[in-house]
Amino acid sequence: MAVVSFAAISVPSAVRLGFEVEESSSRKHWDNFYQRHQNKFFKDRHYLEKDWGQYFSHDNRKIILVVGCGAGNTIFPLAKKYPQHYIHACDFSHHAITHVKSHPNFLKDQINVFACNIAEENLCDHIMPASVDIVTLVFTLSAVSPEKMSTVIQNLQHVLKPDGYVLFRDYAIGDYAQVMLMNKNQVISENFYFRGDGTCSFYFSEDLLSELFERAGFVVVDVNTYNREIINRARDITMQRRWIRAVFRRP
Ligand SMILES: C[S@@+](CC[C@H](N)C(=O)[O-])C[C@H]1O[C@@H](n2cnc3c(N)ncnc32)[C@H](O)[C@@H]1O
């Protein structure tokens with residue numbers, strides 16, 4: 001398969017266009033996103049059990065933290081499949097938190113959802129240090145600017161128990177959406193783009209992702225990229241989608 005090189009991007013077009021990439025504006029854009037789309041945009045993540053069942057399926061009660069939970073598309077499939085576990089979940093969009101709390105399957109005894117900017121605030125102000133067995137990062141780190149990613153990962157490390165896991169899924173370099181954003185010149189910095197609605201997205205390589213977690217003291221258990229060709233007959237286009245899946249362990 002042809003590998004597209006994205007290293008050639010030099011002048012950040014976002015800077016030229018005066019685009020702000022501050023965390024406060026990022027929160028505002030995601031809040032607008034959930035106000036506009038309500039809880040209809042993302043589909044429930046039904047692959048969690050298939051991909052990561054071995055991490056979730058134990059009789060003893062586990063503590064899970066869903067980071068960047070959005071409208072709850074990771075929370076509710078997990079809560080249904082593993083009712084014995086307890087789920088903390090956070091997002092910096094207040095509209096997203098409201099959608100989670102008003103979901104028909106929201107149970108106060110099983111789910112604790114709170115507003116938190118994981119790039120700015122200490123997660124230990126919300127949950128006990130070293131108390132979490134599993135963190136899920138599903139399409140969340142890509143929404144954080146690259147210079148804040150290490151802070152986010154360190155933040156996760158503080159709430160994880162030793163031998164706790166981070167289960168990661170996100171956009172991979174060369175994804176169809178990246179090619180579209182690049183063609184529209186919506187580049188902020190290398191592999192980082194802004195969308196039309198002001199939200200941002202980063203596209204990961206396996207090496208960069210592993211390095212980010214290793215630098216924060218994690219062990220790489222598994223990392224792989226997978227592709228799917230998706231045909232949209234209505235729009236008459238074929239999309240090469242690419243995602244990255246990984247598991248990291250706090251030693
Ligand atoms: C692409 S959405 C994915 C939502 C959800 N994880 C899912 O899979 O449906 C990215 C989410 O990350 C949240 N987010 C982005 N940056 C964040 C930050 N610094 N702190 C907390 N949440 C953040 C956004 O509000 C948004 O809900």
# chains A, B, ... in the order shown; residues from 1 in each chain; ligands from 1
call {"tool": "residues_near_ligand", "arguments": {"ligand": "ligand 1", "cutoff": "9 Å", "atoms": "only C-alpha atoms and all ligand atoms", "output": "VMD selection string"}}
result
chain A and resid 23 to 24 26 to 31 33 to 34 41 to 45 66 to 75 90 to 97 115 to 121 136 to 145 148 152 169 to 170 199 to 201
call {"tool": "residues_around", "arguments": {"residues": "A:Gly53", "least_positions_apart": "5", "cutoff": "12 Å", "atoms": "only C-alpha atoms", "output": "PDB file with all heavy atoms, in the first residue's frame"}}
result
ATOM      1  N   HIS A  46     -19.313  -0.495  20.073  1.00  0.00           N
ATOM      2  CA  HIS A  46     -19.663  -1.883  20.399  1.00  0.00           C
ATOM      3  C   HIS A  46     -18.483  -2.846  20.249  1.00  0.00           C
ATOM      4  O   HIS A  46     -18.608  -4.019  20.565  1.00  0.00           O
ATOM      5  CB  HIS A  46     -20.842  -2.344  19.537  1.00  0.00           C
ATOM      6  CG  HIS A  46     -22.128  -1.701  19.965  1.00  0.00           C
ATOM      7  ND1 HIS A  46     -22.640  -1.845  21.228  1.00  0.00           N
ATOM      8  CD2 HIS A  46     -22.977  -0.880  19.308  1.00  0.00           C
ATOM      9  CE1 HIS A  46     -23.760  -1.157  21.337  1.00  0.00           C
ATOM     10  NE2 HIS A  46     -23.985  -0.547  20.184  1.00  0.00           N
ATOM     11  N   TYR A  47     -17.338  -2.330  19.766  1.00  0.00           N
ATOM     12  CA  TYR A  47     -16.182  -3.213  19.588  1.00  0.00           C
ATOM     13  C   TYR A  47     -15.347  -3.355  20.863  1.00  0.00           C
ATOM     14  O   TYR A  47     -14.354  -4.061  20.896  1.00  0.00           O
ATOM     15  CB  TYR A  47     -15.278  -2.687  18.460  1.00  0.00           C
ATOM     16  CG  TYR A  47     -15.056  -1.182  18.494  1.00  0.00           C
ATOM     17  CD1 TYR A  47     -14.253  -0.581  19.445  1.00  0.00           C
ATOM     18  CD2 TYR A  47     -15.688  -0.351  17.559  1.00  0.00           C
ATOM     19  CE1 TYR A  47     -14.066   0.794  19.473  1.00  0.00           C
ATOM     20  CE2 TYR A  47     -15.519   1.031  17.589  1.00  0.00           C
ATOM     21  CZ  TYR A  47     -14.698   1.590  18.548  1.00  0.00           C
ATOM     22  OH  TYR A  47     -14.523   2.953  18.571  1.00  0.00           O
ATOM     23  N   LEU A  48     -15.740  -2.685  21.942  1.00  0.00           N
ATOM     24  CA  LEU A  48     -14.910  -2.664  23.152  1.00  0.00           C
ATOM     25  C   LEU A  48     -14.692  -4.073  23.706  1.00  0.00           C
ATOM     26  O   LEU A  48     -13.583  -4.451  24.063  1.00  0.00           O
ATOM     27  CB  LEU A  48     -15.562  -1.783  24.220  1.00  0.00           C
ATOM     28  CG  LEU A  48     -15.760  -0.315  23.811  1.00  0.00           C
ATOM     29  CD1 LEU A  48     -16.696   0.394  24.765  1.00  0.00           C
ATOM     30  CD2 LEU A  48     -14.418   0.402  23.755  1.00  0.00           C
ATOM     31  N   HIS A  58     -13.448  -9.773  34.348  1.00  0.00           N
ATOM     32  CA  HIS A  58     -13.022 -10.487  35.552  1.00  0.00           C
ATOM     33  C   HIS A  58     -14.150 -10.349  36.545  1.00  0.00           C
ATOM     34  O   HIS A  58     -14.908  -9.394  36.512  1.00  0.00           O
ATOM     35  CB  HIS A  58     -11.731  -9.871  36.125  1.00  0.00           C
ATOM     36  CG  HIS A  58     -10.531 -10.235  35.308  1.00  0.00           C
ATOM     37  ND1 HIS A  58      -9.972 -11.479  35.344  1.00  0.00           N
ATOM     38  CD2 HIS A  58      -9.811  -9.518  34.426  1.00  0.00           C
ATOM     39  CE1 HIS A  58      -8.944 -11.506  34.494  1.00  0.00           C
ATOM     40  NE2 HIS A  58      -8.832 -10.332  33.920  1.00  0.00           N
ATOM     41  N   LEU A  78     -20.157  -0.258  27.925  1.00  0.00           N
ATOM     42  CA  LEU A  78     -19.380  -0.900  29.001  1.00  0.00           C
ATOM     43  C   LEU A  78     -20.263  -1.168  30.218  1.00  0.00           C
ATOM     44  O   LEU A  78     -20.214  -2.260  30.800  1.00  0.00           O
ATOM     45  CB  LEU A  78     -18.220   0.013  29.441  1.00  0.00           C
ATOM     46  CG  LEU A  78     -16.958   0.032  28.578  1.00  0.00           C
ATOM     47  CD1 LEU A  78     -15.920   0.977  29.183  1.00  0.00           C
ATOM     48  CD2 LEU A  78     -16.369  -1.370  28.444  1.00  0.00           C
ATOM     49  N   LYS A  81     -22.527  -4.180  29.521  1.00  0.00           N
ATOM     50  CA  LYS A  81     -21.852  -5.481  29.422  1.00  0.00           C
ATOM     51  C   LYS A  81     -21.202  -5.890  30.750  1.00  0.00           C
ATOM     52  O   LYS A  81     -21.126  -7.066  31.078  1.00  0.00           O
ATOM     53  CB  LYS A  81     -20.793  -5.379  28.300  1.00  0.00           C
ATOM     54  CG  LYS A  81     -19.994  -6.621  28.061  1.00  0.00           C
ATOM     55  CD  LYS A  81     -20.836  -7.730  27.458  1.00  0.00           C
ATOM     56  CE  LYS A  81     -20.135  -9.066  27.597  1.00  0.00           C
ATOM     57  NZ  LYS A  81     -20.999 -10.189  27.310  1.00  0.00           N
ATOM     58  N   TYR A  82     -20.704  -4.901  31.502  1.00  0.00           N
ATOM     59  CA  TYR A  82     -19.974  -5.207  32.746  1.00  0.00           C
ATOM     60  C   TYR A  82     -20.601  -4.450  33.925  1.00  0.00           C
ATOM     61  O   TYR A  82     -19.981  -3.543  34.489  1.00  0.00           O
ATOM     62  CB  TYR A  82     -18.491  -4.821  32.609  1.00  0.00           C
ATOM     63  CG  TYR A  82     -17.820  -5.441  31.405  1.00  0.00           C
ATOM     64  CD1 TYR A  82     -17.547  -4.689  30.267  1.00  0.00           C
ATOM     65  CD2 TYR A  82     -17.476  -6.795  31.401  1.00  0.00           C
ATOM     66  CE1 TYR A  82     -16.955  -5.268  29.150  1.00  0.00           C
ATOM     67  CE2 TYR A  82     -16.886  -7.385  30.294  1.00  0.00           C
ATOM     68  CZ  TYR A  82     -16.632  -6.610  29.169  1.00  0.00           C
ATOM     69  OH  TYR A  82     -16.047  -7.179  28.073  1.00  0.00           O
ATOM     70  N   ILE A 134      -8.470   0.591  34.817  1.00  0.00           N
ATOM     71  CA  ILE A 134      -8.420   0.731  33.351  1.00  0.00           C
ATOM     72  C   ILE A 134      -8.847   2.133  32.945  1.00  0.00           C
ATOM     73  O   ILE A 134      -9.896   2.615  33.384  1.00  0.00           O
ATOM     74  CB  ILE A 134      -9.381  -0.271  32.665  1.00  0.00           C
ATOM     75  CG1 ILE A 134      -8.945  -1.711  32.941  1.00  0.00           C
ATOM     76  CG2 ILE A 134      -9.447  -0.022  31.154  1.00  0.00           C
ATOM     77  CD1 ILE A 134      -9.951  -2.747  32.481  1.00  0.00           C
ATOM     78  N   LEU A 167      -6.318   1.746  27.539  1.00  0.00           N
ATOM     79  CA  LEU A 167      -6.791   1.137  26.291  1.00  0.00           C
ATOM     80  C   LEU A 167      -7.062   2.284  25.319  1.00  0.00           C
ATOM     81  O   LEU A 167      -7.885   3.162  25.603  1.00  0.00           O
ATOM     82  CB  LEU A 167      -8.060   0.322  26.549  1.00  0.00           C
ATOM     83  CG  LEU A 167      -7.961  -0.704  27.688  1.00  0.00           C
ATOM     84  CD1 LEU A 167      -9.269  -1.479  27.822  1.00  0.00           C
ATOM     85  CD2 LEU A 167      -6.798  -1.674  27.467  1.00  0.00           C
TER      86      LEU A 167
END
call {"tool": "select_by_dssp", "arguments": {"residues": "stretch 31-209 of chain A", "states": "helix (DSSP H, G or I)", "output": "PyMOL selection string"}}
result
chain A and resi 31-37+48-56+75-81+94-101+123-125+141-143+146-159+176-183+206-209
call {"tool": "closest_residue", "arguments": {"among": "A:Ile111, A:Val187, A:Ile87, A:Leu181", "to": "A:Ser131", "atoms": "only C-alpha atoms"}}
result
A:Ile87
call {"tool": "select_by_dssp", "arguments": {"residues": "stretch 6-216 of chain A", "states": "strand (DSSP E or B)", "output": "VMD selection string"}}
result
chain A and resid 63 to 67 86 to 91 111 to 115 132 to 138 160 to 172 187 to 189 192 to 194 200 to 202 204
call {"tool": "atom_distance", "arguments": {"atom1": "atom CA of A:Ala177", "atom2": "atom CA of A:Phe194"}}
result
11.2 Å
call {"tool": "closest_residue", "arguments": {"among": "A:Leu65, A:Met149, A:Val179, A:Ala79", "to": "A:Asp133", "atoms": "only C-alpha atoms"}}
result
A:Leu65
call {"tool": "residues_around", "arguments": {"residues": "A:Gly164", "least_positions_apart": "3", "cutoff": "10 Å", "atoms": "only C-alpha atoms", "output": "compact mmCIF listing (two decimals) with N, CA and C atoms, in the first residue's frame"}}
result
# COMPACT_ATOMS: atom_id res chain seq x y z
N TYR A 55 -9.40 -7.50 29.21
CA TYR A 55 -9.06 -6.54 30.27
C TYR A 55 -10.24 -6.25 31.18
N ILE A 63 -12.37 -0.62 38.55
CA ILE A 63 -12.67 0.81 38.44
C ILE A 63 -12.15 1.26 37.08
N ILE A 64 -13.05 1.82 36.28
CA ILE A 64 -12.71 2.25 34.91
C ILE A 64 -12.82 3.77 34.85
N ALA A 130 -3.98 6.66 42.12
CA ALA A 130 -3.71 5.21 42.03
C ALA A 130 -4.93 4.35 42.37
N SER A 131 -6.11 4.73 41.87
CA SER A 131 -7.32 3.99 42.22
C SER A 131 -8.00 3.33 41.01
N VAL A 132 -7.50 3.60 39.82
CA VAL A 132 -8.19 3.16 38.60
C VAL A 132 -7.49 1.94 37.98
N ASP A 133 -8.29 0.92 37.58
CA ASP A 133 -7.71 -0.27 36.95
C ASP A 133 -7.50 -0.07 35.46
N ILE A 134 -8.47 0.59 34.82
CA ILE A 134 -8.42 0.73 33.35
C ILE A 134 -8.85 2.13 32.95
N VAL A 135 -8.03 2.78 32.10
CA VAL A 135 -8.42 4.05 31.49
C VAL A 135 -8.73 3.76 30.02
N GLN A 157 -1.50 8.71 34.37
CA GLN A 157 -0.63 7.83 35.13
C GLN A 157 -0.87 7.97 36.63
N VAL A 159 -3.62 8.60 38.26
CA VAL A 159 -4.84 7.97 38.80
C VAL A 159 -4.86 6.46 38.60
N LEU A 160 -3.95 5.95 37.75
CA LEU A 160 -3.92 4.49 37.50
C LEU A 160 -3.23 3.75 38.63
N LYS A 161 -3.74 2.55 38.94
CA LYS A 161 -3.05 1.67 39.88
C LYS A 161 -1.80 1.12 39.20
N LEU A 167 -6.32 1.75 27.54
CA LEU A 167 -6.79 1.14 26.29
C LEU A 167 -7.06 2.28 25.32
N PHE A 218 5.23 4.36 30.72
CA PHE A 218 4.36 3.22 30.43
C PHE A 218 5.11 2.15 29.63
N PHE A 248 -1.41 0.12 26.81
CA PHE A 248 -0.22 0.50 27.57
C PHE A 248 -0.44 0.10 29.03
N ARG A 249 0.68 -0.31 29.69
CA ARG A 249 0.56 -0.73 31.10
C ARG A 249 1.42 0.18 31.97
N ARG A 250 0.86 0.57 33.10
CA ARG A 250 1.67 1.31 34.07
C ARG A 250 2.42 0.29 34.92
N PRO A 251 3.74 0.27 34.86
CA PRO A 251 4.46 -0.80 35.58
C PRO A 251 4.35 -0.63 37.10
call {"tool": "residues_around", "arguments": {"residues": "A:Asn191", "least_positions_apart": "5", "cutoff": "10 Å", "atoms": "only C-alpha atoms", "output": "number ranges by chain"}}
result
A: 6-7, 9, 142, 146, 172-174, 178, 181-182, 201-205
call {"tool": "residues_around", "arguments": {"residues": "A:Ile153", "least_positions_apart": "3", "cutoff": "8 Å", "atoms": "only C-alpha atoms", "output": "MDAnalysis selection string"}}
result
chainID A and resid 149:150 156:157 212:213 216
call {"tool": "write_last_selection", "arguments": {"atoms": "C-alpha atoms", "output": "PDB file, in the first residue's frame"}}
result
ATOM      1  CA  MET A 149      -0.357  15.269  25.081  1.00  0.00           C
ATOM      2  CA  SER A 150       2.465  14.440  27.520  1.00  0.00           C
ATOM      3  CA  LEU A 156      -3.639   9.474  33.566  1.00  0.00           C
ATOM      4  CA  GLN A 157      -0.628   7.827  35.133  1.00  0.00           C
ATOM      5  CA  LEU A 212       4.685   9.462  24.106  1.00  0.00           C
ATOM      6  CA  PHE A 213       3.605   6.705  26.485  1.00  0.00           C
ATOM      7  CA  ALA A 216       5.714   8.906  30.644  1.00  0.00           C
TER       8      ALA A 216
END
call {"tool": "atom_distance", "arguments": {"atom1": "atom CA of A:Arg36", "atom2": "atom CA of A:Lys108"}}
result
26.2 Å
call {"tool": "closest_residue", "arguments": {"among": "A:His158, A:Tyr176, A:Glu211, A:Ile127", "to": "A:Ile231", "atoms": "only C-alpha atoms"}}
result
A:Tyr176
